[in-house]
Amino acid sequence: MSTIGLPKLRSGKVRDVYEIGHDRLLMVASDRISAFDVVLDEPIPDKGRVLTGLSTFWFEKTGDIVENHLISADPTDFPETAGPEVAGRAMMVRAARPVLMECVVRGYLFGSAWSEYQRQGTVNGEPLPPGLALAEQLPEPIFTPTTKADEGHDTALTRDDAIALVGKARYDELRELSILLADTKLEFGTIDGRLLLIDEILTPDSSRFWPADEHQPGTSPPSFDKQFVRQYLLDQGWDGTPPPPTLPEPVIEGTRSRYIEAYERLTEQSFDDWYGVGD
């Protein structure tokens with residue numbers, strides 16, 4: 001039962017968003033985890049704090065590249081009615097109008113992109129060179145946007161589809177900002193017509209992280225992201241139709257440890273020092 005004493009604006013697969021006045025929001029990352037666009041029944045302890053800690057870290061690191069919506073992740077800056085439970089898992093942000101397109105940039109051939117490439121030699125309908133291997137680095141990063149679905153599956157967009165959705169000028173701006181930043185999924189919003197980076201950035205939920213010394217094209221590298229959970233579900237023969245299989249404790253704990261290791265490797269800081277973890 002939530003004790004957050006703020007009006008709830010919406011709930012997503014992972015985040016709950018609350019209103020603070022007319023132009024500020026409190027974005028709270030839960031421990032829920034989704035796979036293949038289905039929210040699983042079992043939470044991953046501390047996952048919300050990892051997502052918030054890493055997003056805060058990267059928003060601060062990239063603020064000179066592109067404007068973002070972060071105001072503060074320090075719980076002492078939040079309204080008292082937010083309650084102590086949000087420490088480490090919430091960000092106070094500027095309210096932005098989301099761009100209804102997810103900006104996916106791929107530097108390696110993996111996941112759904114690999115599946116499409118195997119079938120027809122393309123990714124998001126665009127041809128790639130023949131003979132590429134699983135997890136091989138692409139000749140250059142490719143921009144593969146998708147729709148942004150509140151429920152159900154996001155749908156891959158061809159370049160023409162994406163331009164029809166957001167317009168040519170906005171598409172070009174989003175593509176340039178996305179490729180400049182990372183190989184990951186990024187989300188943007190607007191305030192007074194200006195683009196801002198929103199939601200999360202370079203977390204295990206939105207990115208694929210592989211140890212560089214274990215990457216080998218043609219094989220599936222060990223990961224510090226949701227692939228550990230996805231692979232377990234695939235091994236159970238699950239086709240993505242609810243209800244999902246139950247996650248056993250070793251998978252839950254294995255996922256938690258991978259998320260925390262991603263945090264500590266990327267930030268070079270102890271996760272125990274992040275807000276709310278050592279309390």
# chains A, B, ... in the order shown; residues from 1 in each chain; ligands from 1

$ residues_around --residues "A:Val277" --least-positions-apart "3" --cutoff "12 Å" --atoms "only C-alpha atoms" --output "number ranges by chain"
A: 45-50, 53, 84-89, 260, 270-274

$ select_by_dssp --residues "stretch 45-235 of chain A" --states "strand (DSSP E or B)" --output "ChimeraX atom specification"
/A:68,70-72,90-94,97-98,101-108,122-123,126-127,137-143,146-147,156,185-191,194-198

$ residues_around --residues "A:Asp192" --least-positions-apart "3" --cutoff "10 Å" --atoms "only C-alpha atoms" --output "ChimeraX atom specification"
/A:96-97,195

$ residues_around --residues "stretch 63-73 of chain A" --least-positions-apart "3" --cutoff "10 Å" --atoms "only C-alpha atoms" --output "PyMOL selection string"
chain A and resi 24-27+52-53+55-60+76-78+86-96+177-178+180-181+188-191+194-200+275

$ residues_around --residues "A:Asp239" --least-positions-apart "4" --cutoff "12 Å" --atoms "only C-alpha atoms" --output "ChimeraX atom specification"
/A:35-38,230-231,233-235,243-245

$ write_last_selection --atoms "N, CA, C and O atoms" --output "CSV table (one decimal), in the first residue's frame"
chain,number,residue,atom,x,y,z
A,35,ALA,N,9.3,-8.2,-19.1
A,35,ALA,CA,10.0,-8.9,-20.2
A,35,ALA,C,9.1,-9.1,-21.3
A,35,ALA,O,7.9,-9.6,-21.1
A,36,PHE,N,9.5,-8.8,-22.5
A,36,PHE,CA,8.6,-9.0,-23.7
A,36,PHE,C,7.3,-8.2,-23.5
A,36,PHE,O,6.3,-8.7,-23.9
A,37,ASP,N,7.4,-7.0,-22.8
A,37,ASP,CA,6.3,-6.1,-22.6
A,37,ASP,C,5.3,-6.7,-21.7
A,37,ASP,O,4.1,-6.2,-21.7
A,38,VAL,N,5.6,-7.6,-20.9
A,38,VAL,CA,4.7,-8.2,-19.8
A,38,VAL,C,5.4,-7.9,-18.5
A,38,VAL,O,6.5,-8.3,-18.3
A,230,ARG,N,15.1,-12.6,-19.5
A,230,ARG,CA,14.5,-13.0,-20.8
A,230,ARG,C,14.9,-14.4,-21.2
A,230,ARG,O,14.1,-15.2,-21.6
A,231,GLN,N,16.2,-14.7,-21.0
A,231,GLN,CA,16.7,-16.0,-21.4
A,231,GLN,C,16.1,-17.1,-20.5
A,231,GLN,O,15.7,-18.2,-21.0
A,233,LEU,N,13.1,-17.0,-19.2
A,233,LEU,CA,11.7,-17.2,-19.7
A,233,LEU,C,11.7,-17.9,-21.1
A,233,LEU,O,10.8,-18.8,-21.3
A,234,LEU,N,12.6,-17.6,-21.9
A,234,LEU,CA,12.7,-18.4,-23.2
A,234,LEU,C,13.0,-19.8,-23.0
A,234,LEU,O,12.4,-20.7,-23.7
A,235,ASP,N,13.8,-20.1,-22.0
A,235,ASP,CA,14.2,-21.5,-21.7
A,235,ASP,C,13.0,-22.3,-21.2
A,235,ASP,O,13.0,-23.5,-21.3
A,243,PRO,N,-0.4,-15.5,-18.5
A,243,PRO,CA,0.6,-15.1,-17.5
A,243,PRO,C,2.0,-15.7,-17.7
A,243,PRO,O,2.1,-16.7,-18.3
A,244,PRO,N,3.0,-14.9,-17.2
A,244,PRO,CA,4.4,-15.4,-17.4
A,244,PRO,C,4.7,-16.5,-16.4
A,244,PRO,O,4.0,-16.6,-15.4
A,245,PRO,N,5.8,-17.3,-16.7
A,245,PRO,CA,6.2,-18.2,-15.7
A,245,PRO,C,6.7,-17.5,-14.4
A,245,PRO,O,7.1,-16.3,-14.4

$ residues_around --residues "A:Pro248" --least-positions-apart "3" --cutoff "12 Å" --atoms "only C-alpha atoms" --output "PyMOL selection string"
chain A and resi 40-44+229+232-233+236+245+251-255

$ decode --residues "stretch 92-166 of chain A" --atoms "C-alpha atoms" --output "compact mmCIF listing (two decimals), in the first residue's frame"
# COMPACT_ATOMS: atom_id res chain seq x y z
CA MET A 92 11.88 15.20 -9.06
CA VAL A 93 11.66 16.27 -12.70
CA ARG A 94 10.25 18.97 -14.90
CA ALA A 95 6.96 18.01 -16.53
CA ALA A 96 7.46 17.47 -20.25
CA ARG A 97 5.20 16.35 -23.08
CA PRO A 98 6.54 12.94 -24.17
CA VAL A 99 7.47 12.41 -27.80
CA LEU A 100 5.48 9.32 -28.78
CA MET A 101 8.45 7.48 -30.24
CA GLU A 102 11.17 5.49 -28.48
CA CYS A 103 14.63 6.22 -29.83
CA VAL A 104 16.54 2.95 -30.05
CA VAL A 105 20.15 3.01 -31.21
CA ARG A 106 22.01 -0.24 -31.86
CA GLY A 107 25.75 -0.67 -32.02
CA TYR A 108 25.66 -4.50 -32.02
CA LEU A 109 23.44 -7.06 -33.70
CA PHE A 110 21.39 -8.72 -30.99
CA GLY A 111 17.87 -9.38 -29.71
CA SER A 112 14.96 -8.58 -32.01
CA ALA A 113 17.35 -6.97 -34.50
CA TRP A 114 19.23 -10.27 -34.84
CA SER A 115 15.96 -12.16 -35.32
CA GLU A 116 14.88 -9.86 -38.16
CA TYR A 117 18.34 -9.93 -39.73
CA GLN A 118 18.31 -13.74 -39.75
CA ARG A 119 14.92 -13.77 -41.49
CA GLN A 120 15.48 -11.13 -44.15
CA GLY A 121 18.82 -9.38 -43.80
CA THR A 122 17.29 -6.15 -42.50
CA VAL A 123 16.74 -4.30 -39.23
CA ASN A 124 13.62 -2.10 -39.03
CA GLY A 125 13.27 -2.75 -42.74
CA GLU A 126 16.70 -1.31 -43.61
CA PRO A 127 19.22 -3.69 -45.25
CA LEU A 128 22.48 -4.55 -43.48
CA PRO A 129 25.62 -6.15 -44.96
CA PRO A 130 25.37 -9.93 -45.37
CA GLY A 131 27.29 -12.36 -43.21
CA LEU A 132 27.07 -10.56 -39.86
CA ALA A 133 27.20 -12.74 -36.72
CA LEU A 134 25.19 -12.67 -33.50
CA ALA A 135 26.43 -9.88 -31.21
CA GLU A 136 28.79 -8.54 -33.90
CA GLN A 137 29.55 -4.83 -33.83
CA LEU A 138 27.77 -3.02 -36.66
CA PRO A 139 29.74 -0.96 -39.19
CA GLU A 140 28.16 2.10 -37.55
CA PRO A 141 25.38 2.60 -34.99
CA ILE A 142 21.90 2.40 -36.51
CA PHE A 143 18.78 4.31 -35.43
CA THR A 144 15.84 1.91 -35.04
CA PRO A 145 12.93 3.78 -33.43
CA THR A 146 9.73 2.15 -32.19
CA THR A 147 6.29 3.28 -31.19
CA LYS A 148 5.78 4.08 -27.51
CA ALA A 149 2.94 1.88 -26.27
CA ASP A 150 1.27 2.41 -22.88
CA GLU A 151 0.21 -1.24 -22.97
CA GLY A 152 1.31 -4.19 -25.06
CA HIS A 153 4.18 -4.30 -27.52
CA ASP A 154 6.13 -1.42 -29.00
CA THR A 155 6.27 -1.68 -32.79
CA ALA A 156 9.37 -1.14 -34.91
CA LEU A 157 9.16 1.87 -37.22
CA THR A 158 10.75 2.23 -40.63
CA ARG A 159 12.34 5.60 -41.36
CA ASP A 160 9.28 6.68 -43.36
CA ASP A 161 6.90 5.53 -40.61
CA ALA A 162 8.89 7.44 -37.98
CA ILE A 163 8.93 10.61 -40.07
CA ALA A 164 5.17 10.31 -40.59
CA LEU A 165 4.74 10.00 -36.81
CA VAL A 166 6.86 12.93 -35.60
